[in-house]
$ cat work_34.cif   # mmCIF, C-alpha atoms and all ligand atoms
data_upload
loop_
_atom_site.label_atom_id
_atom_site.label_comp_id
_atom_site.auth_asym_id
_atom_site.auth_seq_id
_atom_site.Cartn_x
_atom_site.Cartn_y
_atom_site.Cartn_z
CA MET F 1407 -3.64 -52.38 -161.93
CA LYS F 1408 -2.38 -50.83 -158.69
CA THR F 1409 0.73 -48.66 -158.91
CA ALA F 1410 3.80 -48.01 -156.76
CA LEU F 1411 6.67 -45.56 -156.89
CA THR F 1412 10.21 -45.98 -155.61
CA ILE F 1413 12.25 -42.89 -154.79
CA ALA F 1414 15.75 -44.32 -154.39
CA GLY F 1415 19.25 -44.76 -155.77
CA SER F 1416 20.28 -46.90 -158.71
CA ASP F 1417 22.44 -49.98 -158.03
CA SER F 1418 24.42 -50.75 -161.18
CA SER F 1419 24.67 -54.41 -160.12
CA GLY F 1420 20.87 -54.69 -160.03
CA GLY F 1421 20.44 -56.34 -156.63
CA ALA F 1422 19.53 -53.37 -154.43
CA GLY F 1423 18.12 -49.84 -154.85
CA ILE F 1424 15.79 -48.89 -157.69
CA GLN F 1425 16.43 -52.14 -159.55
CA ALA F 1426 15.51 -54.36 -156.57
CA ASP F 1427 12.48 -52.18 -155.87
CA MET F 1428 11.10 -52.40 -159.40
CA LYS F 1429 11.65 -56.15 -159.62
CA THR F 1430 9.95 -56.61 -156.25
CA MET F 1431 6.97 -54.43 -157.16
CA THR F 1432 6.58 -56.24 -160.49
CA ALA F 1433 6.83 -59.66 -158.85
CA ASN F 1434 4.22 -58.55 -156.32
CA GLY F 1435 1.76 -57.59 -159.03
CA VAL F 1436 1.84 -53.79 -159.06
CA TYR F 1437 2.97 -51.36 -161.77
CA ALA F 1438 6.40 -49.96 -160.80
CA MET F 1439 7.66 -46.39 -161.32
CA SER F 1440 10.90 -44.70 -160.21
CA ALA F 1441 12.38 -41.34 -159.31
CA VAL F 1442 16.17 -41.69 -159.14
CA THR F 1443 17.92 -39.82 -156.31
CA ALA F 1444 21.45 -40.95 -157.19
CA LEU F 1445 23.44 -43.28 -159.39
CA THR F 1446 25.83 -45.63 -157.62
CA ALA F 1447 28.72 -47.44 -159.26
CA GLN F 1448 28.27 -50.60 -157.25
CA ASN F 1449 28.59 -54.36 -157.34
CA THR F 1450 28.28 -57.18 -154.83
CA THR F 1451 31.62 -56.26 -153.25
CA GLY F 1452 30.99 -52.55 -152.67
CA VAL F 1453 30.19 -49.03 -153.85
CA THR F 1454 32.97 -47.25 -155.78
CA ASP F 1455 31.24 -43.96 -156.60
CA ILE F 1456 28.00 -41.99 -156.20
CA LEU F 1457 26.56 -39.32 -158.53
CA GLU F 1458 23.59 -37.51 -156.98
CA SER F 1459 20.62 -36.20 -158.94
CA THR F 1460 20.19 -32.45 -158.54
CA PRO F 1461 17.27 -31.50 -156.26
CA HIS F 1462 15.64 -29.72 -159.23
CA PHE F 1463 15.81 -32.79 -161.47
CA LEU F 1464 14.46 -35.05 -158.73
CA GLY F 1465 11.57 -32.61 -158.36
CA GLU F 1466 10.92 -32.80 -162.10
CA GLN F 1467 10.79 -36.60 -161.99
CA LEU F 1468 8.27 -36.45 -159.15
CA ASP F 1469 6.12 -33.86 -160.97
CA ALA F 1470 6.10 -36.04 -164.10
CA ILE F 1471 4.98 -39.08 -162.12
CA PHE F 1472 2.37 -37.53 -159.82
CA THR F 1473 0.66 -35.47 -162.54
CA ASP F 1474 0.13 -38.55 -164.70
CA ILE F 1475 0.09 -41.98 -163.03
CA PHE F 1476 -0.69 -41.45 -159.34
CA PRO F 1477 1.09 -44.07 -157.19
CA ASP F 1478 -1.04 -46.09 -154.75
CA ALA F 1479 2.06 -46.40 -152.54
CA VAL F 1480 5.50 -44.81 -152.34
CA LYS F 1481 8.72 -46.40 -151.12
CA ILE F 1482 11.64 -44.14 -150.21
CA GLY F 1483 15.13 -45.66 -150.10
CA MET F 1484 18.56 -44.05 -150.49
CA VAL F 1485 18.37 -40.26 -150.28
CA SER F 1486 21.88 -39.11 -149.65
CA SER F 1487 21.57 -35.37 -149.05
CA ALA F 1488 19.44 -32.92 -147.08
CA ASP F 1489 18.52 -30.92 -150.21
CA LEU F 1490 17.06 -33.99 -151.92
CA ILE F 1491 15.11 -34.90 -148.78
CA VAL F 1492 13.56 -31.42 -148.62
CA VAL F 1493 12.36 -31.69 -152.25
CA ILE F 1494 10.87 -35.15 -151.68
CA ALA F 1495 8.96 -34.00 -148.58
CA GLU F 1496 7.68 -30.92 -150.41
CA LYS F 1497 6.41 -32.93 -153.41
CA LEU F 1498 4.86 -35.72 -151.33
CA LYS F 1499 2.91 -33.11 -149.34
CA GLN F 1500 1.95 -31.14 -152.46
CA TYR F 1501 0.53 -34.23 -154.18
CA LYS F 1502 -0.89 -35.77 -150.99
CA ALA F 1503 0.96 -39.04 -151.52
CA LYS F 1504 -0.33 -41.98 -149.49
CA ASN F 1505 1.02 -45.26 -148.12
CA ILE F 1506 4.57 -43.96 -147.74
CA VAL F 1507 7.14 -46.56 -146.67
CA VAL F 1508 10.48 -45.09 -145.58
CA ASP F 1509 13.52 -47.36 -145.54
CA PRO F 1510 16.10 -45.18 -143.76
CA VAL F 1511 19.03 -46.46 -145.84
CA MET F 1512 22.26 -45.37 -144.16
CA VAL F 1513 24.85 -48.04 -144.89
CA ALA F 1514 24.93 -50.69 -147.67
CA THR F 1515 25.27 -54.40 -146.84
CA SER F 1516 28.88 -54.05 -148.06
CA GLY F 1517 29.54 -51.34 -145.45
CA ALA F 1518 29.49 -48.30 -147.78
CA LYS F 1519 27.97 -45.14 -146.32
CA LEU F 1520 24.95 -44.03 -148.39
CA LEU F 1521 23.69 -41.09 -146.31
CA ARG F 1522 25.63 -37.92 -145.56
CA ASP F 1523 25.73 -36.85 -141.91
CA ASP F 1524 23.69 -33.69 -142.50
CA ALA F 1525 20.99 -35.79 -144.13
CA VAL F 1526 20.13 -37.82 -141.01
CA GLU F 1527 18.66 -34.78 -139.30
CA ALA F 1528 16.71 -33.78 -142.45
CA LEU F 1529 15.41 -37.34 -142.84
CA CYS F 1530 14.07 -37.29 -139.27
CA ARG F 1531 12.58 -33.83 -139.57
CA GLU F 1532 11.10 -34.00 -143.07
CA LEU F 1533 10.36 -37.60 -144.03
CA LEU F 1534 9.68 -39.65 -140.90
CA PRO F 1535 6.51 -37.72 -139.99
CA LEU F 1536 5.10 -38.49 -143.48
CA ALA F 1537 5.74 -42.22 -143.23
CA ALA F 1538 3.02 -44.83 -142.79
CA VAL F 1539 5.81 -47.15 -141.75
CA LEU F 1540 9.55 -46.88 -141.27
CA THR F 1541 11.77 -49.96 -141.72
CA PRO F 1542 15.13 -49.53 -139.89
CA ASN F 1543 17.58 -52.40 -139.36
CA ILE F 1544 19.28 -52.57 -135.97
CA PRO F 1545 22.14 -50.10 -136.68
CA GLU F 1546 19.66 -47.62 -138.19
CA ALA F 1547 17.25 -48.02 -135.24
CA GLU F 1548 20.20 -47.33 -132.91
CA ILE F 1549 20.99 -44.07 -134.73
CA LEU F 1550 17.33 -42.98 -134.86
CA SER F 1551 16.66 -43.76 -131.18
CA GLY F 1552 20.08 -42.97 -129.69
CA MET F 1553 19.86 -46.35 -127.90
CA THR F 1554 22.12 -49.41 -128.00
CA ILE F 1555 20.23 -52.54 -129.05
CA THR F 1556 21.52 -55.94 -127.97
CA ASP F 1557 18.36 -58.04 -127.65
CA ALA F 1558 14.62 -58.26 -128.35
CA THR F 1559 13.80 -55.98 -125.40
CA GLY F 1560 16.14 -53.37 -126.85
CA MET F 1561 14.40 -53.62 -130.22
CA GLU F 1562 11.04 -53.03 -128.48
CA ALA F 1563 12.30 -49.99 -126.57
CA ALA F 1564 13.84 -48.40 -129.68
CA ALA F 1565 10.87 -49.11 -131.96
CA LYS F 1566 8.44 -47.68 -129.36
CA TYR F 1567 10.60 -44.56 -128.92
CA ILE F 1568 10.92 -43.90 -132.69
CA SER F 1569 7.22 -44.61 -133.31
CA GLU F 1570 6.12 -42.19 -130.58
CA LYS F 1571 8.62 -39.49 -131.54
CA TYR F 1572 7.67 -39.39 -135.24
CA GLY F 1573 4.06 -40.60 -135.11
CA CYS F 1574 4.56 -43.48 -137.54
CA ALA F 1575 4.62 -47.27 -137.37
CA VAL F 1576 8.12 -48.76 -137.07
CA LEU F 1577 9.24 -52.18 -138.34
CA CYS F 1578 12.56 -52.90 -136.65
CA LYS F 1579 14.31 -55.66 -138.59
CA GLY F 1580 16.29 -58.24 -136.65
CA GLY F 1581 18.13 -59.53 -139.72
CA HIS F 1582 21.51 -58.05 -138.92
CA LYS F 1583 22.52 -58.58 -135.33
CA VAL F 1584 19.74 -59.68 -133.07
CA ASN F 1585 16.97 -62.25 -133.20
CA ASP F 1586 17.78 -63.60 -136.64
CA ALA F 1587 14.94 -63.05 -139.08
CA ASP F 1588 12.40 -61.89 -136.48
CA ASP F 1589 11.12 -58.36 -137.05
CA LEU F 1590 9.14 -56.19 -134.63
CA LEU F 1591 6.29 -53.95 -135.82
CA TRP F 1592 5.43 -51.17 -133.36
CA ARG F 1593 2.24 -49.27 -134.19
CA ASN F 1594 -0.47 -47.44 -132.22
CA GLY F 1595 1.27 -48.12 -128.91
CA PHE F 1596 1.62 -51.88 -129.37
CA GLY F 1597 4.30 -54.21 -130.65
CA LYS F 1598 3.84 -57.37 -132.74
CA TRP F 1599 6.58 -59.82 -133.68
CA PHE F 1600 6.81 -61.28 -137.16
CA HIS F 1601 8.81 -64.47 -136.96
CA GLY F 1602 10.87 -65.44 -139.99
CA LYS F 1603 12.72 -68.67 -140.58
CA ARG F 1604 16.42 -67.82 -140.90
CA ILE F 1605 17.65 -68.95 -144.31
CA ASP F 1606 21.27 -69.95 -144.47
CA ASN F 1607 22.20 -67.82 -147.46
CA PRO F 1608 25.20 -65.43 -147.44
CA ASN F 1609 23.78 -63.56 -150.45
CA THR F 1610 21.72 -60.81 -148.83
CA HIS F 1611 22.51 -57.81 -151.06
CA GLY F 1612 19.37 -55.66 -151.20
CA THR F 1613 17.27 -57.43 -148.55
CA GLY F 1614 16.21 -54.13 -146.95
CA CYS F 1615 15.20 -52.56 -150.29
CA THR F 1616 13.28 -55.68 -151.21
CA LEU F 1617 11.36 -55.93 -147.94
CA SER F 1618 10.28 -52.28 -147.95
CA SER F 1619 9.21 -52.45 -151.61
CA ALA F 1620 7.20 -55.61 -150.97
CA ILE F 1621 5.45 -53.86 -148.05
CA ALA F 1622 4.69 -50.85 -150.30
CA SER F 1623 3.32 -53.18 -153.03
CA ASN F 1624 0.97 -54.85 -150.55
CA LEU F 1625 -0.20 -51.49 -149.15
CA ALA F 1626 -0.87 -50.38 -152.77
CA LYS F 1627 -3.02 -53.47 -153.22
CA GLY F 1628 -5.10 -52.50 -150.18
CA TYR F 1629 -3.78 -54.89 -147.51
CA ASP F 1630 -3.52 -53.43 -144.02
CA LEU F 1631 -0.06 -52.92 -142.52
CA ASP F 1632 0.10 -56.19 -140.55
CA GLU F 1633 -0.96 -58.24 -143.58
CA SER F 1634 1.44 -56.27 -145.81
CA VAL F 1635 4.39 -57.06 -143.53
CA GLU F 1636 3.37 -60.73 -143.27
CA ARG F 1637 3.16 -61.09 -147.04
CA ALA F 1638 6.42 -59.16 -147.58
CA LYS F 1639 8.26 -61.52 -145.22
CA GLU F 1640 6.92 -64.50 -147.15
CA TYR F 1641 8.13 -62.94 -150.40
CA ILE F 1642 11.65 -62.19 -149.14
CA SER F 1643 11.93 -65.70 -147.66
CA GLY F 1644 11.11 -67.12 -151.09
CA ALA F 1645 13.64 -64.85 -152.80
CA LEU F 1646 16.39 -65.85 -150.31
CA ALA F 1647 15.47 -69.55 -150.36
CA ALA F 1648 15.91 -69.64 -154.16
CA MET F 1649 19.68 -69.58 -153.40
CA LEU F 1650 20.83 -67.50 -156.35
CA ASP F 1651 24.62 -67.19 -156.23
CA LEU F 1652 26.12 -64.41 -158.37
CA GLY F 1653 29.14 -62.13 -158.02
CA HIS F 1654 32.19 -62.15 -155.79
CA GLY F 1655 30.65 -60.61 -152.67
CA SER F 1656 27.27 -60.73 -150.92
CA GLY F 1657 25.17 -61.45 -154.00
CA PRO F 1658 21.61 -60.53 -154.98
CA MET F 1659 18.46 -62.58 -154.40
CA ASN F 1660 16.26 -64.17 -157.02
CA HIS F 1661 13.38 -61.67 -157.10
CA MET F 1662 11.61 -63.66 -159.78
CA PHE F 1663 11.69 -67.00 -157.92
CA ALA F 1664 7.98 -67.51 -158.48
CA LEU F 1665 8.21 -66.91 -162.23
CA LYS F 1666 7.94 -70.15 -164.17
CA GLY F 1667 11.37 -71.15 -165.45
CA ALA F 1668 13.24 -68.27 -163.75
CA PHE F 1669 16.96 -68.98 -163.43
CA THR F 1670 16.74 -72.65 -164.31
CA GLU F 1671 19.66 -72.39 -166.74
N1 LIG A 1701 19.16 -64.96 -143.73
C1 LIG A 1701 17.90 -64.52 -143.65
N2 LIG A 1701 16.85 -65.39 -143.66
C2 LIG A 1701 15.58 -64.96 -143.62
N3 LIG A 1701 15.24 -63.66 -143.56
C3 LIG A 1701 16.22 -62.74 -143.54
C4 LIG A 1701 17.61 -63.10 -143.58
N4 LIG A 1701 18.36 -61.97 -143.56
C5 LIG A 1701 17.49 -60.94 -143.51
N5 LIG A 1701 16.20 -61.39 -143.48
C6 LIG A 1701 14.99 -60.60 -143.45
O1 LIG A 1701 15.07 -59.71 -144.56
C7 LIG A 1701 14.46 -58.48 -144.22
C8 LIG A 1701 15.46 -57.36 -144.44
O2 LIG A 1701 16.28 -57.30 -143.29
P1 LIG A 1701 17.75 -56.75 -143.17
O3 LIG A 1701 18.00 -56.52 -141.72
O4 LIG A 1701 18.67 -57.66 -143.88
O5 LIG A 1701 17.62 -55.39 -143.95
P2 LIG A 1701 18.69 -54.29 -144.19
O6 LIG A 1701 19.80 -54.43 -143.22
O7 LIG A 1701 17.99 -52.99 -144.22
O8 LIG A 1701 19.19 -54.68 -145.63
P3 LIG A 1701 20.32 -53.98 -146.52
O9 LIG A 1701 21.56 -54.73 -146.17
O10 LIG A 1701 19.84 -54.24 -147.90
O11 LIG A 1701 20.38 -52.54 -146.15
C9 LIG A 1701 13.97 -58.64 -142.79
O12 LIG A 1701 12.62 -59.05 -142.78
C10 LIG A 1701 14.86 -59.71 -142.22
O13 LIG A 1701 14.27 -60.36 -141.13
C1 LIG A 1702 21.36 -47.74 -154.36
C2 LIG A 1702 21.32 -48.53 -153.10
N1 LIG A 1702 20.30 -48.33 -152.25
C3 LIG A 1702 20.24 -49.04 -151.10
C4 LIG A 1702 21.20 -49.96 -150.77
C5 LIG A 1702 21.12 -50.71 -149.47
O1 LIG A 1702 21.21 -52.05 -149.59
C6 LIG A 1702 22.26 -50.14 -151.72
N2 LIG A 1702 23.25 -51.05 -151.48
N3 LIG A 1702 22.27 -49.42 -152.86
#
$ encode --input "work_34.cif" --output "structure tokens"
Amino acid sequence: MKTALTIAGSDSSGGAGIQADMKTMTANGVYAMSAVTALTAQNTTGVTDILESTPHFLGEQLDAIFTDIFPDAVKIGMVSSADLIVVIAEKLKQYKAKNIVVDPVMVATSGAKLLRDDAVEALCRELLPLAAVLTPNIPEAEILSGMTITDATGMEAAAKYISEKYGCAVLCKGGHKVNDADDLLWRNGFGKWFHGKRIDNPNTHGTGCTLSSAIASNLAKGYDLDESVERAKEYISGALAAMLDLGHGSGPMNHMFALKGAFTE
């Protein structure tokens, strides 16, 4: 069985972060492992508190994983401080990790800030150059490129700029503001649009975590990047279309929609 690792924060409500990542990896047929960067006290309405792992303990989790079950792909999500980012970069280089998907998580769907200001610079310096692909939404692509994005042309300009600056592929997600569910993949000097059918579902907690983990799962299974993105979009469309409705805010998706009998009661 192929294996994947998520390095991310825990979401106590189970719809985003580590929990979404592990459900997604499992549903996509790979063995899921985790290194927890932070605990969040969170539900569908917001984040009330964050307790960070120490850099030393995060390093110990990564040592334990890489010296035993080597991951075929790694997904990086919420990493709130510069010190944690430095440890992750050091360990990924030491163990020669491959198929690294970086989701530059900055703000939760609920609006809570998940990345400290000093960490943005460390993320760009330490982690982006190691990424096989980076998956910013529009606000994150604006921060990483310093550009304002209002349309598809803006998404292309920002994705091209970020890809060239950090030498990695960039999947700019349209989900939030522009172009509905159409995402742009910029790699090796060329852009390709992945068109998604917009699903009328207000429950989008954890969509970014889920998409990046599905891409990592497909890379772990040996699909190339284009095929991995295509399959990940199909998976997230299925999870959104299952119309799970839990909680008082923007609720989670049904990650197990394809499991026989899932959520029928
Ligand atoms: N209503 C929708 N219908 C279909 N696809 C969607 C919808 N909303 C988002 N997506 C898709 O889900 C994926 C994740 O995109 P999104 O922009 O929501 O991520 P994100 O902003 O990083 O998520 P998060 O809020 O978890 O941080 C993208 O492929 C996007 O196109
Ligand atoms: C722990 C965690 N990571 C990422 C996100 C982004 O959706 C979130 N809400 N919570």
$ residues_near_point --input "work_34.cif" --point "(10.2, -38.8, -138.6)" --cutoff "12 Å" --atoms "all atoms listed in the file" --output "VMD selection string"
chain F and resid 1491 1495 1506 to 1510 1526 to 1542 1550 to 1551 1567 to 1576
$ write_last_selection --input "work_34.cif" --atoms "C-alpha atoms" --output "compact mmCIF listing (two decimals), keeping the file's coordinate frame"
# COMPACT_ATOMS: atom_id res chain seq x y z
CA ILE F 1491 15.11 -34.90 -148.78
CA ALA F 1495 8.96 -34.00 -148.58
CA ILE F 1506 4.57 -43.96 -147.74
CA VAL F 1507 7.14 -46.56 -146.67
CA VAL F 1508 10.48 -45.09 -145.58
CA ASP F 1509 13.52 -47.36 -145.54
CA PRO F 1510 16.10 -45.18 -143.76
CA VAL F 1526 20.13 -37.82 -141.01
CA GLU F 1527 18.66 -34.78 -139.30
CA ALA F 1528 16.71 -33.78 -142.45
CA LEU F 1529 15.41 -37.34 -142.84
CA CYS F 1530 14.07 -37.29 -139.27
CA ARG F 1531 12.58 -33.83 -139.57
CA GLU F 1532 11.10 -34.00 -143.07
CA LEU F 1533 10.36 -37.60 -144.03
CA LEU F 1534 9.68 -39.65 -140.90
CA PRO F 1535 6.51 -37.72 -139.99
CA LEU F 1536 5.10 -38.49 -143.48
CA ALA F 1537 5.74 -42.22 -143.23
CA ALA F 1538 3.02 -44.83 -142.79
CA VAL F 1539 5.81 -47.15 -141.75
CA LEU F 1540 9.55 -46.88 -141.27
CA THR F 1541 11.77 -49.96 -141.72
CA PRO F 1542 15.13 -49.53 -139.89
CA LEU F 1550 17.33 -42.98 -134.86
CA SER F 1551 16.66 -43.76 -131.18
CA TYR F 1567 10.60 -44.56 -128.92
CA ILE F 1568 10.92 -43.90 -132.69
CA SER F 1569 7.22 -44.61 -133.31
CA GLU F 1570 6.12 -42.19 -130.58
CA LYS F 1571 8.62 -39.49 -131.54
CA TYR F 1572 7.67 -39.39 -135.24
CA GLY F 1573 4.06 -40.60 -135.11
CA CYS F 1574 4.56 -43.48 -137.54
CA ALA F 1575 4.62 -47.27 -137.37
CA VAL F 1576 8.12 -48.76 -137.07
$ axis_aligned_box --input "work_34.cif" --around "ligand LIG 1702 (chain A)" --padding-each-side "4 Å" --output "AutoDock Vina command-line options"
--center_x 21.7 --center_y -49.9 --center_z -151.9 --size_x 11.0 --size_y 12.3 --size_z 12.9
$ closest_residue --input "work_34.cif" --among "F:Leu1631, F:Ala1433, F:Ile1494, F:Ile1475" --to "Thr1460 in chain F" --atoms "all atoms listed in the file"
F:Ile1494
$ residues_near_ligand --input "work_34.cif" --ligand "ligand LIG 1701 (chain A)" --cutoff "6 Å" --atoms "all atoms listed in the file" --output "VMD selection string"
chain F and resid 1514 to 1515 1543 1579 to 1582 1587 to 1589 1602 to 1607 1611 to 1615 1617 1639 1643
$ closest_residue --input "work_34.cif" --among "F:Ser1618, F:Gln1500, F:Thr1412, F:Thr1443" --to "Phe1463 in chain F" --atoms "all atoms listed in the file"
F:Thr1443
$ residues_near_ligand --input "work_34.cif" --ligand "ligand LIG 1702 (chain A)" --cutoff "6 Å" --atoms "all atoms listed in the file" --output "list in words"
Gly1415, Ser1416, Asp1417, Ala1422, Gly1423, Thr1446, Met1484, Val1511, Ala1514, Thr1515 and Gly1612 of chain F
$ atom_distance --input "work_34.cif" --atom1 "CA of Leu1520 in chain F" --atom2 "CA of Gly1483 in chain F"
10.1 Å
$ residues_near_point --input "work_34.cif" --point "(36.7, -60.0, -156.4)" --cutoff "12 Å" --atoms "only C-alpha atoms" --output "PyMOL selection string"
chain F and resi 1449-1452+1652-1657
$ closest_residue --input "work_34.cif" --among "F:Lys1502, F:Arg1522, F:Lys1429, F:His1601" --to "Leu1490 in chain F" --atoms "all atoms listed in the file"
F:Arg1522
$ decode --input "work_34.cif" --residues "range 1547-1614 of chain F" --atoms "C-alpha atoms" --output "PDB file, in the first residue's frame"
ATOM      1  CA  ALA F1547      -1.986  33.867  -4.076  1.00  0.00           C
ATOM      2  CA  GLU F1548      -2.393  37.641  -3.631  1.00  0.00           C
ATOM      3  CA  ILE F1549      -0.139  37.613  -0.558  1.00  0.00           C
ATOM      4  CA  LEU F1550       2.473  35.350  -2.195  1.00  0.00           C
ATOM      5  CA  SER F1551       2.594  37.358  -5.448  1.00  0.00           C
ATOM      6  CA  GLY F1552       1.943  40.858  -4.105  1.00  0.00           C
ATOM      7  CA  MET F1553      -0.688  41.216  -6.872  1.00  0.00           C
ATOM      8  CA  THR F1554      -4.422  41.934  -6.734  1.00  0.00           C
ATOM      9  CA  ILE F1555      -6.458  39.211  -8.437  1.00  0.00           C
ATOM     10  CA  THR F1556      -9.885  40.052  -9.824  1.00  0.00           C
ATOM     11  CA  ASP F1557     -10.255  37.711 -12.799  1.00  0.00           C
ATOM     12  CA  ALA F1558      -8.842  34.682 -14.634  1.00  0.00           C
ATOM     13  CA  THR F1559      -6.056  36.769 -16.207  1.00  0.00           C
ATOM     14  CA  GLY F1560      -5.022  37.885 -12.730  1.00  0.00           C
ATOM     15  CA  MET F1561      -4.914  34.273 -11.558  1.00  0.00           C
ATOM     16  CA  GLU F1562      -2.630  33.419 -14.508  1.00  0.00           C
ATOM     17  CA  ALA F1563      -0.265  36.321 -13.806  1.00  0.00           C
ATOM     18  CA  ALA F1564       0.003  35.493 -10.090  1.00  0.00           C
ATOM     19  CA  ALA F1565       0.420  31.734 -10.590  1.00  0.00           C
ATOM     20  CA  LYS F1566       3.133  32.307 -13.221  1.00  0.00           C
ATOM     21  CA  TYR F1567       4.958  34.766 -10.947  1.00  0.00           C
ATOM     22  CA  ILE F1568       4.871  32.446  -7.892  1.00  0.00           C
ATOM     23  CA  SER F1569       5.851  29.395  -9.962  1.00  0.00           C
ATOM     24  CA  GLU F1570       8.853  31.166 -11.489  1.00  0.00           C
ATOM     25  CA  LYS F1571       9.962  32.753  -8.213  1.00  0.00           C
ATOM     26  CA  TYR F1572       9.968  29.518  -6.196  1.00  0.00           C
ATOM     27  CA  GLY F1573      10.566  26.938  -8.937  1.00  0.00           C
ATOM     28  CA  CYS F1574       7.473  24.871  -8.172  1.00  0.00           C
ATOM     29  CA  ALA F1575       4.132  24.161  -9.821  1.00  0.00           C
ATOM     30  CA  VAL F1576       1.267  26.346  -8.570  1.00  0.00           C
ATOM     31  CA  LEU F1577      -2.420  25.392  -8.450  1.00  0.00           C
ATOM     32  CA  CYS F1578      -4.334  28.636  -7.934  1.00  0.00           C
ATOM     33  CA  LYS F1579      -7.830  27.771  -6.701  1.00  0.00           C
ATOM     34  CA  GLY F1580     -10.728  29.871  -7.937  1.00  0.00           C
ATOM     35  CA  GLY F1581     -13.126  28.605  -5.264  1.00  0.00           C
ATOM     36  CA  HIS F1582     -13.257  31.749  -3.181  1.00  0.00           C
ATOM     37  CA  LYS F1583     -13.681  34.856  -5.270  1.00  0.00           C
ATOM     38  CA  VAL F1584     -13.071  34.371  -8.937  1.00  0.00           C
ATOM     39  CA  ASN F1585     -14.093  31.860 -11.568  1.00  0.00           C
ATOM     40  CA  ASP F1586     -16.121  29.627  -9.282  1.00  0.00           C
ATOM     41  CA  ALA F1587     -14.682  26.135  -9.066  1.00  0.00           C
ATOM     42  CA  ASP F1588     -12.154  26.575 -11.883  1.00  0.00           C
ATOM     43  CA  ASP F1589      -8.545  26.136 -10.787  1.00  0.00           C
ATOM     44  CA  LEU F1590      -5.393  27.047 -12.725  1.00  0.00           C
ATOM     45  CA  LEU F1591      -2.290  24.829 -12.676  1.00  0.00           C
ATOM     46  CA  TRP F1592       0.882  26.655 -13.724  1.00  0.00           C
ATOM     47  CA  ARG F1593       3.894  24.391 -14.261  1.00  0.00           C
ATOM     48  CA  ASN F1594       7.002  24.429 -16.470  1.00  0.00           C
ATOM     49  CA  GLY F1595       6.075  27.781 -17.992  1.00  0.00           C
ATOM     50  CA  PHE F1596       2.547  26.814 -19.029  1.00  0.00           C
ATOM     51  CA  GLY F1597      -0.908  27.138 -17.519  1.00  0.00           C
ATOM     52  CA  LYS F1598      -3.762  24.620 -17.667  1.00  0.00           C
ATOM     53  CA  TRP F1599      -7.293  25.197 -16.413  1.00  0.00           C
ATOM     54  CA  PHE F1600      -9.164  22.524 -14.495  1.00  0.00           C
ATOM     55  CA  HIS F1601     -12.857  23.262 -14.762  1.00  0.00           C
ATOM     56  CA  GLY F1602     -15.055  22.241 -11.861  1.00  0.00           C
ATOM     57  CA  LYS F1603     -18.827  22.300 -11.694  1.00  0.00           C
ATOM     58  CA  ARG F1604     -19.802  24.715  -8.917  1.00  0.00           C
ATOM     59  CA  ILE F1605     -21.832  22.835  -6.318  1.00  0.00           C
ATOM     60  CA  ASP F1606     -24.385  24.890  -4.458  1.00  0.00           C
ATOM     61  CA  ASN F1607     -23.338  23.865  -0.968  1.00  0.00           C
ATOM     62  CA  PRO F1608     -22.603  26.419   1.798  1.00  0.00           C
ATOM     63  CA  ASN F1609     -20.722  23.754   3.801  1.00  0.00           C
ATOM     64  CA  THR F1610     -17.144  24.184   2.605  1.00  0.00           C
ATOM     65  CA  HIS F1611     -15.177  23.806   5.857  1.00  0.00           C
ATOM     66  CA  GLY F1612     -11.874  22.130   4.972  1.00  0.00           C
ATOM     67  CA  THR F1613     -12.104  22.216   1.172  1.00  0.00           C
ATOM     68  CA  GLY F1614      -8.506  23.417   0.807  1.00  0.00           C
TER      69      GLY F1614
END
